[in-house]
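Structure first, commentary second.
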Amino acid sequence: MTASTFARRSRLAERTPISASFEFFPPKSDKMEAALWSTVERLAPLNPSFVSVTYGAGGSTRERTHRTVERLLKETHLLPAAHLTCVGASRAEVDAVIQDYWDIGVRHIVALRGDPQEGLGARYQPRADGYAYACDLIAGIRAVGDFEISVSGYPERHPESADWSVEIDNLKRKVDAGATRIITQYFFDNDLFESYLERIAKAGLSIPVVPGILPIHNFEQTMVFSAKCGTSIPHWLARRFAGLSEDAETRKLVGAAVAYEQVMDLVDRGINDFHFYTMNRADLTYAICHMLGLGQTEGARQAA
């Protein structure tokens, strides 16, 4: 790789408007709540386009998700997006949640089918009196108010999709129902993401597709979860973390470097909007976004 390539990346980082959004999960304890709000405080100056709050398997965190979203609205300048799933509730119950979000000022929902109550990998069974799939949920959201609606996308296909035609048809149903943005599952091979964009464009879908970026804090845990959700781990990535299981400081540096490298390569490919899965930790996400110039004043960027 030549020096001019690195210079080109530097220019893109400085001159291309880059935006980011962050994902949090609702805390389960007082200690976890303190950690979350410390993370929120640290990341807020980066001025994300929005922050999303997840919804546990089977709707298990519904109340905690709602409380977190409401607190973000009341105590920060951030724009929260509430995750909502089809699982574990009737249509009437879900509609009440949607209406409540509208009433308190939430205008963005991340609409998902959701994982079964037994967890990721268990067989999904639609509830008879509930919304069966994400496209049905999106229609229900649209009936309540003019929300911005983000949906999930899978650059390596959802684990339950038999082939790409099934995957893209399902995505098209969500867009036809009223989705306004696709946020992807995290991935580590940018070529797979580029191929995914080509499939989406070929299907005639034109809404924004935002790549999901996972800064790796714990490689072993990432491998376990990736196997369940269908994200491949490239050999080169495994080599980067080899021998670091007991070396937290070096692992953190490698995690930040790998994610920054991935983002900059995507910028080179014309992508300028990113969704970071923070895992309720600020350190790696903040470092990466700082290097991208987020939250910096124009004077600071010029001085740099």
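How things are named: the first chain in the structure tokens is A, the next is B, and so on; residues count from 1 in each chain; ligands count from 1 in the order shown.
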
Please extract the residues of stretch 192-291 of chain A with a backbone DSSP assignment of alpha helix (DSSP H) and present them as a PyMOL selection string.
chain A and resi 192-202+219-229+235-241+248-268+283-291

Which neighbours of stretch 92-105 of chain A fall inside 12 Å, counting only C-alpha atoms, when residues of the same chain fewer than 6 positions from it are skipped, and could you give them as JSON, numbers by chain?
{"A": [59, 62, 63, 65, 66, 67, 68, 69, 70, 71, 72, 73, 74, 79, 80, 81, 82, 83, 84, 85, 86, 111, 129, 130, 131, 132, 136, 137, 138, 139, 140, 141, 142, 143, 144, 145, 146, 147, 148, 149]}

Just how far from atom CA of A:Glu194 is atom CA of A:Arg157, in Å to one decimal?
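For atom CA of A:Arg157 relative to atom CA of A:Glu194, the distance reads 13.4 Å.
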
May I ask which of the residues A:Ser38, A:Asn272, A:Asn218, A:Gln125 is the closest one to A:Phe241, counting only C-alpha atoms?
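Of A:Ser38, A:Asn272, A:Asn218, A:Gln125, the one nearest A:Phe241 is A:Asn218, counting only C-alpha atoms.
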
Determine which residues of stretch 30-265 of chain A DSSP labels as strand (DSSP E) from the backbone of this structure, then write them out as a VMD selection string.
chain A and resid 51 to 53 80 to 85 108 to 112 148 to 153 181 to 186 209 to 213

Rounded to one decimal in Å, what is the spacing between atom CA of A:Glu23 and atom CA of A:Tyr277?
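The value is 5.0 Å.
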
Can you work out which one of A:Ser21, A:Thr180, A:Asn170, A:Thr222 has the shortest atom-to-atom distance to A:Leu43, counting only C-alpha atoms?
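Nearest to A:Leu43: A:Ser21.
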
Which residues, written as an NGL selection string, have at least one atom at most 12 Å from A:Asp191, with only C-alpha atoms counted and residues fewer than 4 positions away on the same chain left out?
:A and (155-156 or 187 or 195-198 or 234 or 262 or 265-266 or 269)

Who sits within 10 Å of A:Leu237, only C-alpha atoms, same chain under 4 positions skipped, as a list of chain:residue names:
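Everything that qualifies: A:Phe188, A:Asp189, A:Phe219, A:Ile233, A:Phe241, A:Ala242, A:Gly255, A:Val258.
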